[in-house]
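Colleague: Dropping the structure in here first, questions after.
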Amino acid sequence: MYKLPPLSSIRAFEAVARLGSVRQAADELFVTPPAVSHQVAKLEEYLGSPLFIRKGRSLLLTEVARDYLTEIRPSLQAISRATATASHKKSRETLTISAPPTLTAKWLMPRLSDFFQSYPQYDVRLIDRMTLDAKEREIDVAIEYRFDADSAFISRQVLDDDIVALANPDYARRYDLTSLDALRGLTLIETERRLNSWRSILSDFSWLPDQRFLAVGYSLHAFEAAAYGLGVALGNRINAEGMLASGQLCVPFAIDERYLPPLPKYFLSIPPQKERWARVAAFVEWFDRDPVNDLF
């Protein structure tokens, strides 16, 4: 907790010191001269030292007052600038959310209309990030994809990572996709920079070196490629839920757990200094309530 004297006393002292007159300070502050003198006396009592010496009609600063004024003036100027900036800001606030790009496109965006309906006073900015960097000050809240929570943030797991094979239903029937062995000779669609991949899952299969691959930058592109019948993709069930529900994709078989590497999870993370921000609290409240919470 900051140990501060009354701001009204500081304002009165600074005005008298700058103008050299109690009356002029009173005119500037729209109060009476006795009120200014009272506030200066309160500050002198707080500091335990006199601040002015009267010489004729002039008020001279004591050494304590000169040093004190030198220290507090930059802070008063900073408060003035900050106040001017805050008073001219638009009334609408922008909530900045970071999340993995496919989760944003396939899971978050379809639900944003409900957030806008619940909190019409906020704008939203979406940024593609797999994880939240403590040095990045602009992000208010993040949905992270990682193995463990980062202690630098207020973080909790919200979703397990369920990795599944994804294919066009007609494609799955045509090639009788019932197991990993059925992938032999087919095109495997991979997302670059994934923490898990067909190559890691199929590493023990002798036919892997001869397999054809289609590599794309984002999982949402892998889903589209699979929907077009270009091969079999690997992805998160939660990200593909919309395309699964519409029948564009299906999960042709379950992947045996013994072939799956350790999997990351989704975490909802907030920088500690932003936990009590109204817009962040609004997003967390929306995220936690039904129907959103029913999905987890």
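Each chain of the structure tokens is named A, B, ... in the order shown, its residues numbered from 1; ligands are numbered from 1 in display order.
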Using DSSP on the backbone coordinates, identify all residues within segment 229-292 of chain A classified as alpha helix (DSSP H); present the result as a list in words.
Modeller: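 Listing alpha helix (DSSP H) positions across segment 229-292 of chain A yields Arg237, Ile238, Asn239, Ala240, Glu241, Gly242, Met243, Leu244, Ala245, Ser246, Ala278, Arg279, Val280, Ala281, Ala282, Phe283, Val284, Glu285, Trp286, Phe287 and Asp288 of chain A.
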Colleague: Hey, what's within 10 Å of Lys274 of chain A if we count only C-alpha atoms and toss same-chain stuff fewer than 5 positions away? As an MDAnalysis selection string, please?
Modeller: chainID A and resid 137 139:141 153:154 279:281
Colleague: Out of A:Lys55, A:Arg212, A:Lys42, A:Arg129, which residue has the shortest atom-to-atom distance to Pro6 of chain A when counting only C-alpha atoms?
Modeller: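 For Pro6 of chain A, the nearest of the given residues is A:Lys42.
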Colleague: Can you measure atom CA of Phe283 of chain A to atom CA of Tyr119 of chain A for me? One decimal in Å is fine.
Modeller: 8.8 Å
Colleague: Taking the DSSP secondary structure from the backbone, can you list the residues of segment 3-227 of chain A that are strand (DSSP E), as a VMD selection string?
Modeller: chain A and resid 52 to 55 58 to 61 93 to 99 122 to 128 141 to 146 154 to 160 163 to 166 187 to 191 212 to 216
Colleague: Please provide as number ranges by chain all residues within 9 Å of Leu29 of chain A, with the sequence filter that same-chain residues fewer than 3 positions apart are discarded (counting only C-alpha atoms).
Modeller: A: 11-12, 15, 24-26, 32, 36
Colleague: Take the residues from that selection and put them in a file with all heavy atoms, as a short mmCIF file (atom, residue, chain, number, x, y, z; two decimals), in the first residue's frame.
Modeller:
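Below is the file result-v9.cif, written as the result:
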data_model
loop_
_atom_site.label_atom_id
_atom_site.label_comp_id
_atom_site.auth_asym_id
_atom_site.auth_seq_id
_atom_site.Cartn_x
_atom_site.Cartn_y
_atom_site.Cartn_z
N ARG A 11 -1.83 19.28 -4.17
CA ARG A 11 -2.23 20.25 -5.21
C ARG A 11 -2.08 21.68 -4.70
O ARG A 11 -1.60 22.56 -5.42
CB ARG A 11 -3.66 19.99 -5.65
CG ARG A 11 -3.88 18.69 -6.41
CD ARG A 11 -5.33 18.56 -6.84
NE ARG A 11 -5.69 19.62 -7.79
CZ ARG A 11 -6.93 20.03 -7.99
NH1 ARG A 11 -7.93 19.53 -7.26
NH2 ARG A 11 -7.19 20.97 -8.88
N ALA A 12 -2.50 21.92 -3.45
CA ALA A 12 -2.40 23.27 -2.89
C ALA A 12 -0.93 23.68 -2.76
O ALA A 12 -0.55 24.81 -3.12
CB ALA A 12 -3.09 23.31 -1.54
N ALA A 15 0.62 24.41 -6.25
CA ALA A 15 0.13 25.67 -6.83
C ALA A 15 0.77 26.87 -6.15
O ALA A 15 1.18 27.83 -6.81
CB ALA A 15 -1.39 25.72 -6.70
N GLN A 24 -3.32 33.58 -5.43
CA GLN A 24 -3.32 33.12 -6.82
C GLN A 24 -3.59 31.61 -6.90
O GLN A 24 -4.28 31.13 -7.80
CB GLN A 24 -1.99 33.46 -7.49
CG GLN A 24 -1.77 34.95 -7.74
CD GLN A 24 -0.48 35.20 -8.49
OE1 GLN A 24 -0.21 34.59 -9.51
NE2 GLN A 24 0.34 36.12 -7.95
N ALA A 25 -3.03 30.88 -5.96
CA ALA A 25 -3.28 29.44 -5.92
C ALA A 25 -4.75 29.16 -5.67
O ALA A 25 -5.35 28.26 -6.28
CB ALA A 25 -2.42 28.79 -4.84
N ALA A 26 -5.37 29.96 -4.76
CA ALA A 26 -6.79 29.79 -4.47
C ALA A 26 -7.63 30.06 -5.70
O ALA A 26 -8.60 29.35 -5.99
CB ALA A 26 -7.20 30.72 -3.33
N THR A 32 -11.06 29.10 -1.48
CA THR A 32 -10.71 30.33 -0.77
C THR A 32 -9.25 30.27 -0.32
O THR A 32 -8.69 29.17 -0.14
CB THR A 32 -11.61 30.52 0.46
OG1 THR A 32 -11.36 29.45 1.38
CG2 THR A 32 -13.08 30.54 0.06
N VAL A 36 -6.67 27.03 1.03
CA VAL A 36 -5.34 26.68 0.54
C VAL A 36 -4.35 26.63 1.70
O VAL A 36 -3.55 25.68 1.82
CB VAL A 36 -4.87 27.70 -0.53
CG1 VAL A 36 -3.40 27.46 -0.88
CG2 VAL A 36 -5.73 27.59 -1.78
#
Colleague: So, with only C-alpha atoms as the atoms that count, which of A:Ser269, A:Trp207, A:Ser21, A:Val251 lies closest to Ala99 of chain A?
Modeller: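 Closest residue, counting only C-alpha atoms: A:Ser269.
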Colleague: Rounded to one decimal in Å, what is the spacing between atom CA of Asn168 of chain A and atom CA of Gly229 of chain A?
Modeller: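 Spanning atom CA of Asn168 of chain A to atom CA of Gly229 of chain A is a straight-line distance of 5.6 Å.
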Colleague: Could you jot down the atom CA of Glu93 of chain A to atom CA of Trp277 of chain A separation for me, Å, one decimal place?
Modeller: 10.9 Å
Colleague: Smallest atom-to-atom distance to Ile97 of chain A: which of A:Leu268, A:Leu51, A:Arg258, A:Ser113, using only C-alpha atoms?
Modeller: A:Leu268
Colleague: How close does each residue of segment 82-128 of chain A get to segment 144-151 of chain A, giving the shortest atom pair and distance in Å to one decimal for every residue with an atom at most 10 Å away, counting only C-alpha atoms, sorted by chain and residue number, as CSV?
Modeller:
residue,atom,partner,partner_atom,distance
A:Ser98,CA,A:Glu144,CA,7.9
A:Ala99,CA,A:Glu144,CA,6.1
A:Pro100,CA,A:Glu144,CA,7.1
A:Leu103,CA,A:Tyr145,CA,9.7
Colleague: Take the residues from that selection and put them in a file with N, CA, C and O atoms, as an mmCIF file, in the first residue's frame.
Modeller:
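To be explicit, this is the file written out as result_34.cif:
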data_model
loop_
_atom_site.group_PDB
_atom_site.id
_atom_site.type_symbol
_atom_site.label_atom_id
_atom_site.label_comp_id
_atom_site.auth_asym_id
_atom_site.auth_seq_id
_atom_site.Cartn_x
_atom_site.Cartn_y
_atom_site.Cartn_z
ATOM 1 N N SER A 98 -6.316 -14.364 -27.286
ATOM 2 C CA SER A 98 -5.437 -15.178 -28.132
ATOM 3 C C SER A 98 -5.839 -16.642 -27.998
ATOM 4 O O SER A 98 -6.266 -17.090 -26.934
ATOM 5 N N ALA A 99 -5.703 -17.367 -29.108
ATOM 6 C CA ALA A 99 -6.042 -18.790 -29.130
ATOM 7 C C ALA A 99 -5.399 -19.409 -30.365
ATOM 8 O O ALA A 99 -5.065 -18.700 -31.320
ATOM 9 N N PRO A 100 -5.208 -20.726 -30.374
ATOM 10 C CA PRO A 100 -4.705 -21.392 -31.575
ATOM 11 C C PRO A 100 -5.639 -21.099 -32.753
ATOM 12 O O PRO A 100 -6.862 -21.040 -32.577
ATOM 13 N N LEU A 103 -8.697 -23.494 -33.379
ATOM 14 C CA LEU A 103 -9.681 -23.391 -32.309
ATOM 15 C C LEU A 103 -10.476 -22.089 -32.457
ATOM 16 O O LEU A 103 -11.689 -22.065 -32.236
#
Colleague: Find the residue from A:Leu249, A:Leu208, A:Ala41, A:Ala240 that sits nearest to Arg173 of chain A; use only C-alpha atoms when measuring.
Modeller: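 Closest residue, counting only C-alpha atoms: A:Leu249.
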Colleague: Between A:Gln211, A:Leu60, A:Asn196, A:Ile53, which is the closest to Leu19 of chain A once you count only C-alpha atoms?
Modeller: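 Ranking A:Gln211, A:Leu60, A:Asn196, A:Ile53 by distance to Leu19 of chain A, first place goes to A:Leu60.
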Colleague: Counting only C-alpha atoms, which of A:Ala245, A:Asp176, A:Leu234, A:Pro101 gets nearest to Ala142 of chain A?
Modeller: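 When distances to Ala142 of chain A are compared using only C-alpha atoms, the smallest one comes from A:Pro101.
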Colleague: If we count only C-alpha atoms, what is near Thr94 of chain A at a cut-off of 7 Å, once residues fewer than 4 positions away on the same chain are taken out, given as a compact mmCIF listing (two decimals) with all heavy atoms, in the first residue's frame?
Modeller:
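Written out: part_37.txt:
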# COMPACT_ATOMS: atom_id res chain seq x y z
N TYR A 122 -18.68 -4.57 -25.38
CA TYR A 122 -17.28 -4.87 -25.68
C TYR A 122 -17.06 -5.21 -27.14
O TYR A 122 -17.86 -5.92 -27.76
CB TYR A 122 -16.80 -6.05 -24.84
CG TYR A 122 -16.81 -5.77 -23.35
CD1 TYR A 122 -17.49 -6.60 -22.47
CD2 TYR A 122 -16.13 -4.68 -22.82
CE1 TYR A 122 -17.51 -6.34 -21.11
CE2 TYR A 122 -16.15 -4.42 -21.46
CZ TYR A 122 -16.84 -5.25 -20.61
OH TYR A 122 -16.86 -4.99 -19.27
N ASP A 123 -15.96 -4.67 -27.69
CA ASP A 123 -15.44 -5.14 -28.97
C ASP A 123 -14.50 -6.31 -28.68
O ASP A 123 -14.02 -6.46 -27.55
CB ASP A 123 -14.67 -4.03 -29.69
CG ASP A 123 -15.55 -2.85 -30.03
OD1 ASP A 123 -16.78 -3.02 -30.16
OD2 ASP A 123 -15.01 -1.73 -30.15
N VAL A 124 -14.20 -7.11 -29.70
CA VAL A 124 -13.31 -8.26 -29.52
C VAL A 124 -12.24 -8.24 -30.59
O VAL A 124 -12.51 -7.97 -31.77
CB VAL A 124 -14.09 -9.60 -29.59
CG1 VAL A 124 -13.13 -10.78 -29.64
CG2 VAL A 124 -15.02 -9.73 -28.39
N ARG A 125 -11.02 -8.51 -30.17
CA ARG A 125 -9.90 -8.67 -31.10
C ARG A 125 -9.33 -10.07 -30.90
O ARG A 125 -9.04 -10.46 -29.77
CB ARG A 125 -8.82 -7.62 -30.83
CG ARG A 125 -7.62 -7.72 -31.77
CD ARG A 125 -6.54 -6.75 -31.35
NE ARG A 125 -5.37 -6.86 -32.21
CZ ARG A 125 -4.14 -6.52 -31.85
NH1 ARG A 125 -3.93 -6.04 -30.63
NH2 ARG A 125 -3.13 -6.65 -32.68
